Amino acid sequence: FDDNENEINPPSGHGIPFGMVTEFSGPPNSGKTQLSLSIAARAAFSDQLDVHYIAGGTSRGALTRRLHSLCLELARDATMARWGLTSDGELTTEMGREVKNAALAALERVRLCSVPDAYSLLGMLARIDGKETRRTTGVDNSTKREVCGALLVVDSVSGCLGHHLSGDEAGSALANQVALTLRRMARTHDGRLSG
């Protein structure tokens, strides 16, 4: 998955590699969530990927509004380019409808949920894993459109694990279980899901 907008350069080249866990770290308010939302919007809009966005205790409403704005921006840029307009050009009513429809189509590929703790996170990961497994093996035909792949975003693992990490072994075991689950899912599904 290549994110043209942001400078993400793993050792293998540009973008975020499929089949691997990629972690963004930094101090609070350094833009990790905005980067994650930008990647999710671009994956859903430009790459036609299904996106599972799990927020650790963050308000779903705020994230949904930000994601909607990003999808509208991408749709507006794509529509302007398709009609040969510059970024300061005016959209017609028809173009405006095209922008809204394209943004909504991208948002339909995003499943956003919020989890309060590590147990809920592990439960959600198990549900996503099962759904993706059924879809890739052809057991689940509920998707009427062709699926190009999937992206899983967990924002933020530390938000889900923080209160479990009080120095006891149970907190460390939960952290390890989340890490192992994410790595196994990345290897198993490898981003090349097709319906």
# chains A, B, ... in the order shown; residues from 1 in each chain; ligands from 1

call {"tool": "residues_around", "arguments": {"residues": "segment 109-111 of chain A", "least_positions_apart": "6", "cutoff": "7 Å", "atoms": "only C-alpha atoms", "output": "PyMOL selection string"}}
result
chain A and resi 44+49-53

call {"tool": "residues_around", "arguments": {"residues": "segment 170-182 of chain A", "least_positions_apart": "4", "cutoff": "12 Å", "atoms": "only C-alpha atoms", "output": "ChimeraX atom specification"}}
result
/A:19-23,117-129,151-154,156-166,186-190

call {"tool": "write_last_selection", "arguments": {"atoms": "N, CA, C and O atoms", "output": "short mmCIF file (atom, residue, chain, number, x, y, z; two decimals), in the first residue's frame"}}
result
data_model
loop_
_atom_site.label_atom_id
_atom_site.label_comp_id
_atom_site.auth_asym_id
_atom_site.auth_seq_id
_atom_site.Cartn_x
_atom_site.Cartn_y
_atom_site.Cartn_z
N GLY A 19 1.33 -7.70 4.86
CA GLY A 19 1.81 -8.88 5.56
C GLY A 19 2.73 -8.59 6.72
O GLY A 19 3.42 -9.48 7.21
N MET A 20 2.76 -7.34 7.18
CA MET A 20 3.63 -6.96 8.29
C MET A 20 2.86 -6.04 9.22
O MET A 20 1.92 -5.36 8.80
N VAL A 21 3.28 -6.01 10.47
CA VAL A 21 2.75 -5.05 11.42
C VAL A 21 3.63 -3.81 11.34
O VAL A 21 4.85 -3.90 11.42
N THR A 22 3.00 -2.66 11.13
CA THR A 22 3.73 -1.40 11.07
C THR A 22 3.28 -0.56 12.25
O THR A 22 2.08 -0.37 12.45
N GLU A 23 4.22 -0.07 13.02
CA GLU A 23 3.88 0.71 14.22
C GLU A 23 4.35 2.15 14.05
O GLU A 23 5.47 2.40 13.62
N ASP A 117 -10.53 -1.83 26.20
CA ASP A 117 -9.44 -2.52 26.89
C ASP A 117 -8.89 -3.65 26.01
O ASP A 117 -9.39 -3.91 24.92
N ALA A 118 -7.87 -4.31 26.53
CA ALA A 118 -7.19 -5.37 25.77
C ALA A 118 -8.09 -6.56 25.49
O ALA A 118 -8.01 -7.17 24.42
N TYR A 119 -8.96 -6.89 26.43
CA TYR A 119 -9.86 -8.04 26.21
C TYR A 119 -10.81 -7.74 25.06
O TYR A 119 -11.06 -8.60 24.20
N SER A 120 -11.35 -6.54 25.02
CA SER A 120 -12.24 -6.14 23.92
C SER A 120 -11.48 -6.10 22.60
O SER A 120 -12.00 -6.47 21.55
N LEU A 121 -10.23 -5.63 22.65
CA LEU A 121 -9.40 -5.58 21.44
C LEU A 121 -9.17 -6.99 20.90
O LEU A 121 -9.34 -7.24 19.70
N LEU A 122 -8.82 -7.93 21.78
CA LEU A 122 -8.60 -9.31 21.34
C LEU A 122 -9.88 -9.92 20.77
O LEU A 122 -9.84 -10.63 19.76
N GLY A 123 -11.02 -9.62 21.38
CA GLY A 123 -12.29 -10.10 20.87
C GLY A 123 -12.60 -9.54 19.49
O GLY A 123 -13.04 -10.27 18.58
N MET A 124 -12.35 -8.25 19.30
CA MET A 124 -12.60 -7.62 18.00
C MET A 124 -11.65 -8.18 16.94
O MET A 124 -12.05 -8.44 15.81
N LEU A 125 -10.39 -8.38 17.30
CA LEU A 125 -9.44 -8.96 16.35
C LEU A 125 -9.87 -10.37 15.94
O LEU A 125 -9.75 -10.74 14.77
N ALA A 126 -10.39 -11.14 16.88
CA ALA A 126 -10.87 -12.50 16.55
C ALA A 126 -12.05 -12.42 15.58
O ALA A 126 -12.13 -13.22 14.64
N ARG A 127 -12.97 -11.47 15.79
CA ARG A 127 -14.11 -11.32 14.86
C ARG A 127 -13.65 -10.92 13.47
O ARG A 127 -14.12 -11.45 12.47
N ILE A 128 -12.72 -9.98 13.40
CA ILE A 128 -12.20 -9.53 12.11
C ILE A 128 -11.46 -10.68 11.42
O ILE A 128 -11.65 -10.92 10.22
N ASP A 129 -10.65 -11.40 12.17
CA ASP A 129 -9.91 -12.53 11.61
C ASP A 129 -10.88 -13.56 11.04
O ASP A 129 -10.69 -14.05 9.92
N LEU A 151 -7.07 -3.57 5.16
CA LEU A 151 -6.11 -2.89 6.02
C LEU A 151 -6.70 -2.89 7.42
O LEU A 151 -7.87 -2.59 7.60
N LEU A 152 -5.89 -3.25 8.41
CA LEU A 152 -6.30 -3.21 9.80
C LEU A 152 -5.50 -2.13 10.50
O LEU A 152 -4.28 -2.11 10.44
N VAL A 153 -6.21 -1.20 11.14
CA VAL A 153 -5.56 -0.13 11.90
C VAL A 153 -6.02 -0.26 13.35
O VAL A 153 -7.22 -0.32 13.61
N VAL A 154 -5.07 -0.32 14.26
CA VAL A 154 -5.39 -0.28 15.68
C VAL A 154 -4.79 1.01 16.23
O VAL A 154 -3.59 1.19 16.23
N SER A 156 -5.26 3.25 19.48
CA SER A 156 -3.87 2.92 19.73
C SER A 156 -3.83 1.68 20.63
O SER A 156 -4.66 1.54 21.52
N VAL A 157 -2.85 0.84 20.38
CA VAL A 157 -2.70 -0.36 21.20
C VAL A 157 -2.43 0.04 22.65
O VAL A 157 -2.99 -0.53 23.58
N SER A 158 -1.61 1.06 22.84
CA SER A 158 -1.30 1.48 24.22
C SER A 158 -2.54 2.01 24.92
O SER A 158 -2.67 1.87 26.14
N GLY A 159 -3.49 2.59 24.17
CA GLY A 159 -4.74 3.04 24.77
C GLY A 159 -5.57 1.88 25.29
O GLY A 159 -6.31 2.01 26.27
N CYS A 160 -5.45 0.73 24.65
CA CYS A 160 -6.18 -0.47 25.09
C CYS A 160 -5.45 -1.20 26.20
O CYS A 160 -6.06 -1.83 27.05
N LEU A 161 -4.12 -1.15 26.18
CA LEU A 161 -3.33 -1.92 27.13
C LEU A 161 -2.88 -1.13 28.36
O LEU A 161 -2.53 -1.73 29.36
N GLY A 162 -2.90 0.18 28.26
CA GLY A 162 -2.31 1.03 29.29
C GLY A 162 -2.66 0.66 30.71
O GLY A 162 -1.78 0.47 31.56
N HIS A 163 -3.96 0.51 31.00
CA HIS A 163 -4.34 0.23 32.39
C HIS A 163 -4.11 -1.23 32.79
O HIS A 163 -4.20 -1.56 33.96
N HIS A 164 -3.76 -2.10 31.84
CA HIS A 164 -3.43 -3.49 32.15
C HIS A 164 -1.95 -3.65 32.52
O HIS A 164 -1.56 -4.65 33.10
N LEU A 165 -1.15 -2.68 32.15
CA LEU A 165 0.30 -2.79 32.35
C LEU A 165 0.74 -2.17 33.68
O LEU A 165 1.52 -1.24 33.72
N SER A 166 0.24 -2.73 34.74
CA SER A 166 0.55 -2.20 36.08
C SER A 166 1.73 -2.92 36.71
O SER A 166 1.92 -2.86 37.91
N ALA A 186 -1.46 -10.55 10.20
CA ALA A 186 -0.73 -9.94 9.08
C ALA A 186 -0.17 -11.01 8.15
O ALA A 186 -0.28 -10.91 6.93
N ARG A 187 0.42 -12.04 8.73
CA ARG A 187 0.98 -13.13 7.91
C ARG A 187 -0.12 -13.93 7.22
O ARG A 187 0.01 -14.29 6.05
N THR A 188 -1.19 -14.22 7.95
CA THR A 188 -2.26 -15.06 7.41
C THR A 188 -2.98 -14.39 6.25
O THR A 188 -3.19 -14.98 5.21
N HIS A 189 -3.32 -13.14 6.43
CA HIS A 189 -4.13 -12.45 5.40
C HIS A 189 -3.27 -11.70 4.40
O HIS A 189 -3.68 -11.52 3.26
N ASP A 190 -2.12 -11.22 4.82
CA ASP A 190 -1.11 -10.66 3.92
C ASP A 190 -1.62 -9.60 2.97
O ASP A 190 -1.03 -9.35 1.92
#

call {"tool": "select_by_dssp", "arguments": {"residues": "segment 41-137 of chain A", "states": "helix (DSSP H, G or I)", "output": "PyMOL selection string"}}
result
chain A and resi 41-45+60-82+93-107+118-136

call {"tool": "residues_around", "arguments": {"residues": "segment 59-71 of chain A", "least_positions_apart": "3", "cutoff": "7 Å", "atoms": "only C-alpha atoms", "output": "PyMOL selection string"}}
result
chain A and resi 37-38+41+45+74-75+103+106+113-114

call {"tool": "write_last_selection", "arguments": {"atoms": "C-alpha atoms", "output": "JSON list (two decimals), in the first residue's frame"}}
result
[["chain", "number", "residue", "atom", "x", "y", "z"],
["A", 37, "LEU", "CA", -6.78, 8.21, 9.36],
["A", 38, "SER", "CA", -5.09, 9.53, 6.23],
["A", 41, "ALA", "CA", -8.95, 7.07, 3.85],
["A", 45, "PHE", "CA", -10.69, 5.55, -1.57],
["A", 74, "LEU", "CA", -9.60, 12.74, -1.86],
["A", 75, "ALA", "CA", -12.84, 12.56, -3.85],
["A", 103, "ALA", "CA", -16.54, 9.74, -0.65],
["A", 106, "ALA", "CA", -15.02, 4.88, 0.26],
["A", 113, "CYS", "CA", -15.19, 0.56, 16.17],
["A", 114, "SER", "CA", -13.98, 1.58, 19.59]]

call {"tool": "atom_distance", "arguments": {"atom1": "atom CA of Ala105 of chain A", "atom2": "atom CA of Leu72 of chain A"}}
result
10.6 Å

call {"tool": "atom_distance", "arguments": {"atom1": "atom CA of Arg76 of chain A", "atom2": "atom CA of Ser36 of chain A"}}
result
20.2 Å

call {"tool": "select_by_dssp", "arguments": {"residues": "chain A", "states": "strand (DSSP E)", "output": "list in words"}}
result
Asp50, Val51, His52, Tyr53, Ile54, Ala55, Gly56, Val110, Arg111, Leu112, Cys113, Ser114, Val115, Ala150, Leu151, Leu152, Val153, Val154 and Asp155 of chain A

call {"tool": "write_last_selection", "arguments": {"atoms": "N, CA, C and O atoms", "output": "PDB file, in the first residue's frame"}}
result
ATOM      1  N   ASP A  50     -10.814  -2.794   1.939  1.00  0.00           N
ATOM      2  CA  ASP A  50     -11.658  -2.736   3.125  1.00  0.00           C
ATOM      3  C   ASP A  50     -10.758  -2.329   4.276  1.00  0.00           C
ATOM      4  O   ASP A  50      -9.612  -2.785   4.371  1.00  0.00           O
ATOM      5  N   VAL A  51     -11.256  -1.478   5.157  1.00  0.00           N
ATOM      6  CA  VAL A  51     -10.467  -0.993   6.283  1.00  0.00           C
ATOM      7  C   VAL A  51     -11.197  -1.321   7.579  1.00  0.00           C
ATOM      8  O   VAL A  51     -12.372  -0.987   7.729  1.00  0.00           O
ATOM      9  N   HIS A  52     -10.494  -1.969   8.494  1.00  0.00           N
ATOM     10  CA  HIS A  52     -10.988  -2.210   9.845  1.00  0.00           C
ATOM     11  C   HIS A  52     -10.204  -1.258  10.732  1.00  0.00           C
ATOM     12  O   HIS A  52      -8.987  -1.426  10.888  1.00  0.00           O
ATOM     13  N   TYR A  53     -10.875  -0.251  11.272  1.00  0.00           N
ATOM     14  CA  TYR A  53     -10.212   0.756  12.101  1.00  0.00           C
ATOM     15  C   TYR A  53     -10.697   0.582  13.529  1.00  0.00           C
ATOM     16  O   TYR A  53     -11.862   0.820  13.825  1.00  0.00           O
ATOM     17  N   ILE A  54      -9.802   0.143  14.407  1.00  0.00           N
ATOM     18  CA  ILE A  54     -10.136  -0.078  15.810  1.00  0.00           C
ATOM     19  C   ILE A  54      -9.515   1.052  16.618  1.00  0.00           C
ATOM     20  O   ILE A  54      -8.294   1.235  16.605  1.00  0.00           O
ATOM     21  N   ALA A  55     -10.348   1.798  17.309  1.00  0.00           N
ATOM     22  CA  ALA A  55      -9.875   2.920  18.120  1.00  0.00           C
ATOM     23  C   ALA A  55      -9.868   2.510  19.585  1.00  0.00           C
ATOM     24  O   ALA A  55     -10.882   2.034  20.098  1.00  0.00           O
ATOM     25  N   GLY A  56      -8.747   2.697  20.230  1.00  0.00           N
ATOM     26  CA  GLY A  56      -8.623   2.367  21.639  1.00  0.00           C
ATOM     27  C   GLY A  56      -9.099   3.495  22.522  1.00  0.00           C
ATOM     28  O   GLY A  56      -8.331   4.375  22.870  1.00  0.00           O
ATOM     29  N   VAL A 110     -15.058   1.258   5.153  1.00  0.00           N
ATOM     30  CA  VAL A 110     -14.400   1.411   6.454  1.00  0.00           C
ATOM     31  C   VAL A 110     -15.345   0.967   7.568  1.00  0.00           C
ATOM     32  O   VAL A 110     -16.487   1.400   7.628  1.00  0.00           O
ATOM     33  N   ARG A 111     -14.850   0.082   8.428  1.00  0.00           N
ATOM     34  CA  ARG A 111     -15.574  -0.331   9.616  1.00  0.00           C
ATOM     35  C   ARG A 111     -14.817   0.226  10.812  1.00  0.00           C
ATOM     36  O   ARG A 111     -13.685  -0.182  11.074  1.00  0.00           O
ATOM     37  N   LEU A 112     -15.453   1.153  11.499  1.00  0.00           N
ATOM     38  CA  LEU A 112     -14.823   1.844  12.618  1.00  0.00           C
ATOM     39  C   LEU A 112     -15.469   1.378  13.918  1.00  0.00           C
ATOM     40  O   LEU A 112     -16.694   1.384  14.033  1.00  0.00           O
ATOM     41  N   CYS A 113     -14.658   0.949  14.867  1.00  0.00           N
ATOM     42  CA  CYS A 113     -15.186   0.557  16.172  1.00  0.00           C
ATOM     43  C   CYS A 113     -14.244   1.059  17.256  1.00  0.00           C
ATOM     44  O   CYS A 113     -13.092   1.392  16.994  1.00  0.00           O
ATOM     45  N   SER A 114     -14.761   1.121  18.457  1.00  0.00           N
ATOM     46  CA  SER A 114     -13.981   1.575  19.594  1.00  0.00           C
ATOM     47  C   SER A 114     -13.966   0.472  20.643  1.00  0.00           C
ATOM     48  O   SER A 114     -14.998  -0.156  20.894  1.00  0.00           O
ATOM     49  N   VAL A 115     -12.807   0.210  21.221  1.00  0.00           N
ATOM     50  CA  VAL A 115     -12.686  -0.804  22.265  1.00  0.00           C
ATOM     51  C   VAL A 115     -12.033  -0.169  23.504  1.00  0.00           C
ATOM     52  O   VAL A 115     -11.103   0.620  23.368  1.00  0.00           O
ATOM     53  N   ALA A 150      -7.448  -5.791   2.387  1.00  0.00           N
ATOM     54  CA  ALA A 150      -7.902  -5.206   3.641  1.00  0.00           C
ATOM     55  C   ALA A 150      -6.743  -4.574   4.383  1.00  0.00           C
ATOM     56  O   ALA A 150      -5.592  -4.990   4.234  1.00  0.00           O
ATOM     57  N   LEU A 151      -7.073  -3.571   5.165  1.00  0.00           N
ATOM     58  CA  LEU A 151      -6.113  -2.895   6.022  1.00  0.00           C
ATOM     59  C   LEU A 151      -6.696  -2.895   7.422  1.00  0.00           C
ATOM     60  O   LEU A 151      -7.873  -2.589   7.600  1.00  0.00           O
ATOM     61  N   LEU A 152      -5.889  -3.247   8.407  1.00  0.00           N
ATOM     62  CA  LEU A 152      -6.300  -3.215   9.804  1.00  0.00           C
ATOM     63  C   LEU A 152      -5.500  -2.126  10.497  1.00  0.00           C
ATOM     64  O   LEU A 152      -4.277  -2.111  10.437  1.00  0.00           O
ATOM     65  N   VAL A 153      -6.208  -1.201  11.141  1.00  0.00           N
ATOM     66  CA  VAL A 153      -5.562  -0.132  11.899  1.00  0.00           C
ATOM     67  C   VAL A 153      -6.019  -0.257  13.350  1.00  0.00           C
ATOM     68  O   VAL A 153      -7.222  -0.317  13.609  1.00  0.00           O
ATOM     69  N   VAL A 154      -5.072  -0.316  14.264  1.00  0.00           N
ATOM     70  CA  VAL A 154      -5.388  -0.280  15.684  1.00  0.00           C
ATOM     71  C   VAL A 154      -4.794   1.011  16.229  1.00  0.00           C
ATOM     72  O   VAL A 154      -3.587   1.195  16.231  1.00  0.00           O
ATOM     73  N   ASP A 155      -5.659   1.904  16.648  1.00  0.00           N
ATOM     74  CA  ASP A 155      -5.270   3.246  17.101  1.00  0.00           C
ATOM     75  C   ASP A 155      -5.855   3.467  18.498  1.00  0.00           C
ATOM     76  O   ASP A 155      -7.007   3.815  18.625  1.00  0.00           O
TER      77      ASP A 155
END

call {"tool": "closest_residue", "arguments": {"among": "A:Ile16, A:Ala43, A:Ala102, A:Ala81", "to": "Gly149 of chain A", "atoms": "only C-alpha atoms"}}
result
A:Ala43

call {"tool": "residues_around", "arguments": {"residues": "Leu91 of chain A", "least_positions_apart": "2", "cutoff": "12 Å", "atoms": "only C-alpha atoms", "output": "list in words"}}
result
Ala75, Arg76, Asp77, Ala78, Thr79, Met80, Ala81, Arg82, Trp83, Gly84, Leu85, Thr86, Ser87, Asp88, Gly89, Thr93, Glu94, Met95, Gly96, Arg97, Glu98, Val99 and Lys100 of chain A
